file final.txt (compact mmCIF, C-alpha atoms)
# COMPACT_ATOMS: atom_id res chain seq x y z
CA MET E 1 19.67 -2.61 -1.18
CA ASN E 2 21.53 -5.94 -1.10
CA MET E 3 19.64 -9.01 0.13
CA GLN E 4 21.81 -9.52 3.22
CA LEU E 5 21.13 -5.98 4.44
CA PHE E 6 17.44 -6.30 3.62
CA SER E 7 17.25 -9.55 5.61
CA ARG E 8 18.71 -7.77 8.63
CA ILE E 9 16.15 -4.98 8.26
CA VAL E 10 13.34 -7.53 8.06
CA ALA E 11 14.64 -9.23 11.20
CA CYS E 12 14.80 -6.02 13.26
CA CYS E 13 11.93 -4.01 11.82
CA LEU E 14 8.97 -6.41 11.69
CA LEU E 15 6.93 -7.59 14.62
CA LEU E 16 5.14 -10.66 13.32
CA THR E 17 1.86 -12.09 14.47
CA PRO E 18 2.27 -15.62 15.85
CA PHE E 19 -0.15 -16.79 13.14
CA LEU E 20 1.96 -15.53 10.25
CA ALA E 21 2.78 -19.01 8.99
CA THR E 22 -0.84 -19.99 8.50
CA ALA E 23 -2.50 -20.12 5.11
CA ASP E 24 -4.90 -17.31 6.04
CA ALA E 25 -2.02 -14.97 6.80
CA ALA E 26 -0.70 -15.25 3.27
CA SER E 27 -4.09 -14.40 1.80
CA CYS E 28 -5.06 -11.47 4.06
CA LEU E 29 -2.48 -9.82 6.27
CA LEU E 30 -2.50 -6.28 7.64
CA ALA E 31 0.81 -4.40 7.65
CA ILE E 32 0.80 -1.55 10.19
CA ASP E 33 3.45 1.07 9.55
CA ILE E 34 4.44 3.24 12.53
CA GLY E 35 4.95 6.59 10.83
CA HIS E 36 8.34 8.32 11.25
CA ASP E 37 10.94 7.03 13.73
CA ARG E 38 12.69 8.00 16.95
CA SER E 39 15.38 10.12 15.28
CA ALA E 40 13.08 11.81 12.73
CA ALA E 41 9.96 11.92 14.86
CA GLY E 42 7.65 14.01 12.66
CA ALA E 43 5.52 16.92 13.83
CA LYS E 44 5.71 18.29 17.36
CA SER E 45 2.44 18.53 19.27
CA ALA E 46 1.10 21.67 20.93
CA ARG E 47 2.66 20.48 24.20
CA GLY E 48 5.97 19.48 22.63
CA LYS E 49 5.51 15.72 22.24
CA PRO E 50 6.98 14.28 19.02
CA GLU E 51 4.52 12.70 16.62
CA TRP E 52 6.26 9.31 16.59
CA PHE E 53 5.10 8.62 20.15
CA PHE E 54 1.46 9.18 19.17
CA ASN E 55 1.94 6.99 16.08
CA ASN E 56 3.64 4.24 18.06
CA ALA E 57 0.90 4.09 20.70
CA LEU E 58 -1.94 3.94 18.17
CA ALA E 59 -0.19 1.46 15.86
CA ARG E 60 0.57 -0.90 18.75
CA LEU E 61 -3.04 -0.75 19.91
CA LEU E 62 -4.17 -1.52 16.36
CA TYR E 63 -1.82 -4.50 16.22
CA GLN E 64 -2.95 -5.76 19.64
CA ARG E 65 -6.64 -5.53 18.71
CA ALA E 66 -6.03 -7.24 15.39
CA ILE E 67 -4.43 -10.21 17.14
CA GLU E 68 -7.21 -10.32 19.73
CA GLN E 69 -9.74 -10.52 16.88
CA ASN E 70 -7.80 -13.35 15.17
CA LEU E 71 -6.74 -11.11 12.30
CA GLN E 72 -3.30 -11.51 10.76
CA ALA E 73 -1.05 -8.48 11.32
CA ILE E 74 2.52 -7.22 11.40
CA LEU E 75 4.06 -4.08 12.85
CA ILE E 76 6.60 -2.34 10.65
CA ASN E 77 9.56 -0.80 12.47
CA PRO E 78 8.39 -1.42 16.06
CA SER E 79 11.80 -0.38 17.41
CA GLY E 80 11.60 3.08 15.82
CA ALA E 81 14.85 2.54 13.93
CA SER E 82 15.95 5.01 11.29
CA ILE E 83 14.90 3.34 8.05
CA ARG E 84 14.11 4.71 4.60
CA LEU E 85 10.55 5.43 3.54
CA SER E 86 10.98 2.97 0.69
CA ASP E 87 11.93 0.22 3.16
CA ARG E 88 8.45 0.29 4.70
CA PRO E 89 6.45 -0.95 1.69
CA GLN E 90 9.27 -3.40 0.94
CA LEU E 91 8.93 -4.85 4.43
CA ALA E 92 5.17 -5.15 3.96
CA GLN E 93 5.74 -6.91 0.65
CA ALA E 94 8.32 -9.26 2.20
CA ALA E 95 5.69 -10.31 4.74
CA GLN E 96 3.15 -10.86 1.93
CA ALA E 97 0.79 -8.25 3.36
CA SER E 98 -2.45 -7.72 1.47
CA CYS E 99 -3.04 -4.23 2.92
CA LEU E 100 -0.77 -1.50 4.32
CA ILE E 101 -1.94 1.13 6.80
CA SER E 102 0.51 3.89 7.73
CA ILE E 103 -0.31 5.56 11.05
CA HIS E 104 0.38 9.29 11.47
CA HIS E 105 -0.84 12.35 13.37
CA ASP E 106 -1.32 15.68 11.66
CA SER E 107 -0.02 19.25 11.77
CA VAL E 108 -0.67 22.48 9.84
CA GLN E 109 1.35 24.90 7.76
CA ALA E 110 3.77 27.17 9.64
CA GLN E 111 1.76 30.35 9.04
CA TYR E 112 -1.05 28.99 11.21
CA LEU E 113 1.16 28.22 14.22
CA LEU E 114 1.00 30.61 17.15
CA PRO E 115 3.39 30.91 20.13
CA TRP E 116 2.39 29.85 23.60
CA ASN E 117 4.01 28.71 26.82
CA TRP E 118 3.38 25.28 28.32
CA ASN E 119 5.05 24.27 31.59
CA GLY E 120 7.74 26.85 31.05
CA ASN E 121 8.44 25.78 27.47
CA ALA E 122 8.04 28.10 24.48
CA LEU E 123 5.98 26.08 21.97
CA ARG E 124 3.65 26.58 19.01
CA TYR E 125 0.05 25.54 18.47
CA SER E 126 -2.89 26.05 16.13
CA ASP E 127 -6.51 25.56 17.12
CA ARG E 128 -7.65 26.45 13.60
CA PHE E 129 -8.01 22.90 12.22
CA ARG E 130 -8.95 19.57 13.74
CA GLY E 131 -10.03 16.16 12.48
CA TYR E 132 -8.72 13.07 10.74
CA GLY E 133 -7.43 12.71 7.17
CA LEU E 134 -7.06 9.71 4.85
CA PHE E 135 -4.58 9.62 1.97
CA VAL E 136 -4.26 7.35 -1.06
CA SER E 137 -1.89 7.44 -4.03
CA GLY E 138 -2.96 7.29 -7.66
CA LYS E 139 0.44 5.70 -8.39
CA ASN E 140 -0.35 2.74 -6.16
CA PRO E 141 -1.14 -0.28 -8.40
CA ALA E 142 -4.17 -1.05 -6.21
CA PHE E 143 -5.52 2.50 -6.21
CA ALA E 144 -9.18 1.46 -6.54
CA GLU E 145 -8.98 -0.93 -3.59
CA SER E 146 -7.03 1.66 -1.57
CA ARG E 147 -9.93 4.08 -2.10
CA LYS E 148 -12.43 1.45 -0.97
CA ILE E 149 -10.46 0.83 2.22
CA ALA E 150 -10.23 4.57 2.91
CA HIS E 151 -13.97 4.90 2.19
CA ASP E 152 -14.78 2.15 4.69
CA ILE E 153 -12.49 3.61 7.36
CA ALA E 154 -14.13 7.01 6.94
CA ASP E 155 -17.65 5.61 7.15
CA SER E 156 -16.84 3.97 10.48
CA LEU E 157 -15.23 7.15 11.82
CA LEU E 158 -18.22 9.24 10.76
CA GLN E 159 -20.59 6.77 12.42
CA ASN E 160 -18.60 7.30 15.62
CA HIS E 161 -19.01 11.08 15.35
CA LEU E 162 -15.43 11.84 14.27
CA SER E 163 -15.05 14.46 11.54
CA PRO E 164 -12.44 15.00 8.81
CA SER E 165 -10.22 18.03 8.50
CA LEU E 166 -10.20 19.48 5.00
CA HIS E 167 -7.23 21.82 5.45
CA HIS E 168 -4.94 19.82 3.16
CA ALA E 169 -7.13 20.85 0.21
CA GLU E 170 -6.57 24.56 0.90
CA PRO E 171 -4.99 26.24 -2.18
CA ILE E 172 -1.77 27.32 -0.45
CA ALA E 173 1.86 26.25 -0.62
CA GLY E 174 2.43 22.86 0.93
CA GLU E 175 -1.23 21.84 0.65
CA ASN E 176 -3.63 21.95 -2.33
CA ARG E 177 -4.14 18.17 -2.25
CA PRO E 178 -6.95 16.81 -4.43
CA LEU E 179 -9.90 16.03 -2.18
CA LEU E 180 -11.46 12.87 -3.58
CA ASP E 181 -14.28 12.79 -1.05
CA PRO E 182 -14.93 15.93 1.02
CA GLN E 183 -17.59 14.25 3.14
CA ARG E 184 -15.18 11.49 4.15
CA GLY E 185 -11.90 13.42 4.19
CA ILE E 186 -10.15 11.27 1.57
CA TYR E 187 -7.26 12.91 -0.27
CA GLN E 188 -5.15 11.87 -3.23
CA PHE E 189 -1.41 12.37 -2.68
CA ASP E 190 0.34 10.50 -5.45
CA ASP E 191 3.94 10.89 -4.35
CA LEU E 192 3.75 9.69 -0.76
CA VAL E 193 6.51 7.08 -0.96
CA VAL E 194 4.98 4.59 1.47
CA LEU E 195 1.78 4.52 -0.59
CA ARG E 196 3.05 4.70 -4.17
CA GLN E 197 5.79 2.10 -3.72
CA ALA E 198 3.50 -0.43 -2.06
CA ASN E 199 2.43 -3.32 -4.27
CA MET E 200 -0.72 -3.79 -2.19
CA PRO E 201 -3.58 -1.42 -1.29
CA ALA E 202 -2.28 1.27 1.04
CA VAL E 203 -3.81 4.10 3.08
CA LEU E 204 -2.09 6.72 5.21
CA VAL E 205 -4.19 7.64 8.25
CA GLU E 206 -3.78 11.03 9.93
CA ALA E 207 -5.56 10.26 13.19
CA GLY E 208 -5.90 13.84 14.37
CA VAL E 209 -4.25 17.28 14.44
CA ILE E 210 -1.83 17.24 17.35
CA VAL E 211 -0.93 20.93 17.15
CA HIS E 212 -4.57 21.60 18.12
CA ARG E 213 -4.49 21.85 21.91
CA ASP E 214 -7.75 20.02 22.56
CA GLN E 215 -7.29 17.39 19.89
CA GLU E 216 -3.79 16.58 21.09
CA ARG E 217 -5.38 15.37 24.32
CA GLU E 218 -8.31 13.68 22.61
CA VAL E 219 -6.19 11.46 20.34
CA SER E 220 -4.49 9.98 23.41
CA THR E 221 -7.74 8.97 25.10
CA PRO E 222 -8.80 5.30 25.00
CA ASP E 223 -12.20 6.32 23.61
CA GLN E 224 -10.85 8.03 20.50
CA GLN E 225 -8.04 5.54 19.97
CA ASN E 226 -10.56 2.70 20.09
CA LYS E 227 -12.78 4.41 17.53
CA ILE E 228 -9.90 4.81 15.10
CA VAL E 229 -8.59 1.28 15.64
CA GLU E 230 -12.01 -0.33 15.21
CA ALA E 231 -12.65 1.72 12.06
CA ILE E 232 -9.43 0.45 10.50
CA LEU E 233 -10.10 -3.15 11.50
CA ALA E 234 -13.68 -3.01 10.18
CA ALA E 235 -12.35 -1.73 6.85
CA PHE E 236 -9.67 -4.42 6.83
CA ARG E 237 -12.25 -7.17 7.35
CA LEU E 238 -14.28 -5.83 4.41
CA HIS E 239 -11.10 -5.77 2.33
CA CYS E 240 -10.41 -9.40 3.24
CA ARG E 241 -13.91 -10.41 2.14
CA ARG E 242 -13.36 -8.72 -1.21
CA GLN E 243 -10.11 -10.68 -1.63
CA THR E 244 -11.75 -14.04 -0.86
CA PRO E 245 -13.05 -15.85 -3.96
CA SER E 246 -16.78 -16.44 -3.78
call {"tool": "encode", "arguments": {"input": "final.txt", "output": "structure tokens"}}
result
Amino acid sequence: MNMQLFSRIVACCLLLTPFLATADAASCLLAIDIGHDRSAAGAKSARGKPEWFFNNALARLLYQRAIEQNLQAILINPSGASIRLSDRPQLAQAAQASCLISIHHDSVQAQYLLPWNWNGNALRYSDRFRGYGLFVSGKNPAFAESRKIAHDIADSLLQNHLSPSLHHAEPIAGENRPLLDPQRGIYQFDDLVVLRQANMPAVLVEAGVIVHRDQEREVSTPDQQNKIVEAILAAFRLHCRRQTPS
């Protein structure tokens, strides 16, 4: 990508905290990636809502709460433009982020999806699996710190009575991901582009399984969104302390 094009992408695809120019921002800044985009919106929920809308709502709440708590943060691709996966870690790097969190909502393999009708629409659902999932890449240069951040997020979620889904470790096509921590729902997925191309610690958060009919509703409630947001921010604060020289 030439520098002129990249500058245009930076201008349109980053929402910067008003404190970005401060010294603290350069030392500890949270990059929040809104997974997918409007034209390639990810999974479709049990009631037919594209994943991007769930991701956008949760990522914006995370950004808002970060600013309210005087934490430095940026939103990557707030407009939902069609950008490459590799652009996302580059945008985080351009903003000198010290941590990247990619916000997603989960689905299941096609063989678990069942037909149903919702408001006159023929859709598919699966109530087989529910829960959050956390992904890190062994190809990320800050793999150890990525695992620590994922560990801290999971501990907060568990304390708030949220449980992980372990279905991505199932030995079937499309899954079979190494489960680094079954209790905490932390997976290793080396080739996730957003994680492996980041030059800072990076974690992909699957906030819940939106093809599950009950969980689709739960992940849109303020109670559950707040639990996920506060878990990420608590982990980010611990990360910042580890980055601060004693």
call {"tool": "closest_residue", "arguments": {"input": "final.txt", "among": "E:Leu238, E:Leu134, E:Leu100, E:Ile32", "to": "Ile186 in chain E", "atoms": "only C-alpha atoms"}}
result
E:Leu134
call {"tool": "closest_residue", "arguments": {"input": "final.txt", "among": "E:Arg217, E:Ile228, E:Ala110, E:Arg196", "to": "Gly174 in chain E", "atoms": "only C-alpha atoms"}}
result
E:Ala110
call {"tool": "closest_residue", "arguments": {"input": "final.txt", "among": "E:Glu216, E:Gly35, E:Ala173, E:His161", "to": "Arg84 in chain E", "atoms": "all atoms listed in the file"}}
result
E:Gly35
call {"tool": "residues_around", "arguments": {"input": "final.txt", "residues": "Asp152 in chain E", "least_positions_apart": "3", "cutoff": "9 Å", "atoms": "all atoms listed in the file", "output": "list in words"}}
result
Arg147, Lys148, Ile149, Asp155, Ser156, Leu157, Ala231, Ile232, Ala234, Ala235, Phe236 and Leu238 of chain E
call {"tool": "write_last_selection", "arguments": {"input": "final.txt", "atoms": "C-alpha atoms", "output": "mmCIF file, in the coordinates of the input"}}
result
data_model
loop_
_atom_site.group_PDB
_atom_site.id
_atom_site.type_symbol
_atom_site.label_atom_id
_atom_site.label_comp_id
_atom_site.auth_asym_id
_atom_site.auth_seq_id
_atom_site.Cartn_x
_atom_site.Cartn_y
_atom_site.Cartn_z
ATOM 1 C CA ARG E 147 -9.930 4.080 -2.100
ATOM 2 C CA LYS E 148 -12.430 1.450 -0.970
ATOM 3 C CA ILE E 149 -10.460 0.830 2.220
ATOM 4 C CA ASP E 155 -17.650 5.610 7.150
ATOM 5 C CA SER E 156 -16.840 3.970 10.480
ATOM 6 C CA LEU E 157 -15.230 7.150 11.820
ATOM 7 C CA ALA E 231 -12.650 1.720 12.060
ATOM 8 C CA ILE E 232 -9.430 0.450 10.500
ATOM 9 C CA ALA E 234 -13.680 -3.010 10.180
ATOM 10 C CA ALA E 235 -12.350 -1.730 6.850
ATOM 11 C CA PHE E 236 -9.670 -4.420 6.830
ATOM 12 C CA LEU E 238 -14.280 -5.830 4.410
#
call {"tool": "residues_near_point", "arguments": {"input": "final.txt", "point": "(-13.2, 7.2, 15.5)", "cutoff": "9 Å", "atoms": "all atoms listed in the file", "output": "MDAnalysis selection string"}}
result
chainID E and resid 132 153:154 156:163 207 223:231
call {"tool": "residues_around", "arguments": {"input": "final.txt", "residues": "range 54-67 of chain E", "least_positions_apart": "5", "cutoff": "10 Å", "atoms": "all atoms listed in the file", "output": "MDAnalysis selection string"}}
result
chainID E and resid 15:19 30:38 41:42 45 49 72:80 101:105 205:208 210 216 219:220 222 225:226 228:230 232:233 236
call {"tool": "residues_around", "arguments": {"input": "final.txt", "residues": "Cys28 in chain E", "least_positions_apart": "6", "cutoff": "10 Å", "atoms": "only C-alpha atoms", "output": "VMD selection string"}}
result
chain E and resid 71 to 73 96 to 99 236 to 237 239 to 241 243 to 244
call {"tool": "closest_residue", "arguments": {"input": "final.txt", "among": "E:Asn117, E:Gly48, E:Val194, E:Glu218", "to": "Ala92 in chain E", "atoms": "all atoms listed in the file"}}
result
E:Val194
call {"tool": "decode", "arguments": {"input": "final.txt", "residues": "range 163-183 of chain E", "atoms": "N, CA and C atoms", "output": "compact mmCIF listing (two decimals), in the first residue's frame"}}
result
# COMPACT_ATOMS: atom_id res chain seq x y z
N SER E 163 -19.57 -17.71 30.95
CA SER E 163 -18.84 -18.96 30.72
C SER E 163 -18.33 -19.03 29.30
N PRO E 164 -17.19 -19.71 29.08
CA PRO E 164 -16.67 -19.86 27.72
C PRO E 164 -17.39 -20.98 26.97
N SER E 165 -17.39 -20.85 25.66
CA SER E 165 -17.79 -21.95 24.79
C SER E 165 -16.53 -22.64 24.30
N LEU E 166 -16.52 -23.96 24.33
CA LEU E 166 -15.33 -24.71 23.94
C LEU E 166 -15.50 -25.38 22.58
N HIS E 167 -16.51 -24.95 21.81
CA HIS E 167 -16.81 -25.67 20.57
C HIS E 167 -15.75 -25.49 19.49
N HIS E 168 -14.91 -24.47 19.59
CA HIS E 168 -13.87 -24.30 18.56
C HIS E 168 -12.73 -25.31 18.71
N ALA E 169 -12.70 -26.03 19.82
CA ALA E 169 -11.70 -27.08 20.01
C ALA E 169 -12.19 -28.44 19.51
N GLU E 170 -13.45 -28.52 19.09
CA GLU E 170 -14.00 -29.80 18.64
C GLU E 170 -13.22 -30.30 17.42
N PRO E 171 -12.85 -31.59 17.38
CA PRO E 171 -12.03 -32.12 16.28
C PRO E 171 -12.85 -32.37 15.02
N ILE E 172 -13.33 -31.29 14.41
CA ILE E 172 -14.08 -31.38 13.16
C ILE E 172 -13.54 -30.33 12.19
N ALA E 173 -13.92 -30.46 10.93
CA ALA E 173 -13.47 -29.51 9.92
C ALA E 173 -13.94 -28.11 10.26
N GLY E 174 -13.01 -27.16 10.15
CA GLY E 174 -13.31 -25.77 10.44
C GLY E 174 -13.09 -25.37 11.88
N GLU E 175 -12.83 -26.36 12.75
CA GLU E 175 -12.58 -26.06 14.16
C GLU E 175 -11.22 -26.66 14.55
N ASN E 176 -11.19 -27.47 15.60
CA ASN E 176 -9.95 -28.13 16.04
C ASN E 176 -8.86 -27.12 16.41
N ARG E 177 -9.27 -26.02 17.05
CA ARG E 177 -8.31 -25.00 17.48
C ARG E 177 -7.68 -25.42 18.81
N PRO E 178 -6.37 -25.26 18.94
CA PRO E 178 -5.73 -25.59 20.22
C PRO E 178 -6.34 -24.76 21.35
N LEU E 179 -6.75 -25.44 22.40
CA LEU E 179 -7.36 -24.78 23.55
C LEU E 179 -6.29 -24.61 24.62
N LEU E 180 -5.76 -23.40 24.73
CA LEU E 180 -4.67 -23.13 25.65
C LEU E 180 -5.11 -23.19 27.10
N ASP E 181 -6.36 -22.82 27.34
CA ASP E 181 -6.86 -22.76 28.71
C ASP E 181 -8.36 -23.08 28.69
N PRO E 182 -8.72 -24.37 28.89
CA PRO E 182 -10.13 -24.74 28.82
C PRO E 182 -10.99 -24.03 29.86
N GLN E 183 -10.46 -23.80 31.04
CA GLN E 183 -11.25 -23.14 32.08
C GLN E 183 -11.62 -21.72 31.67
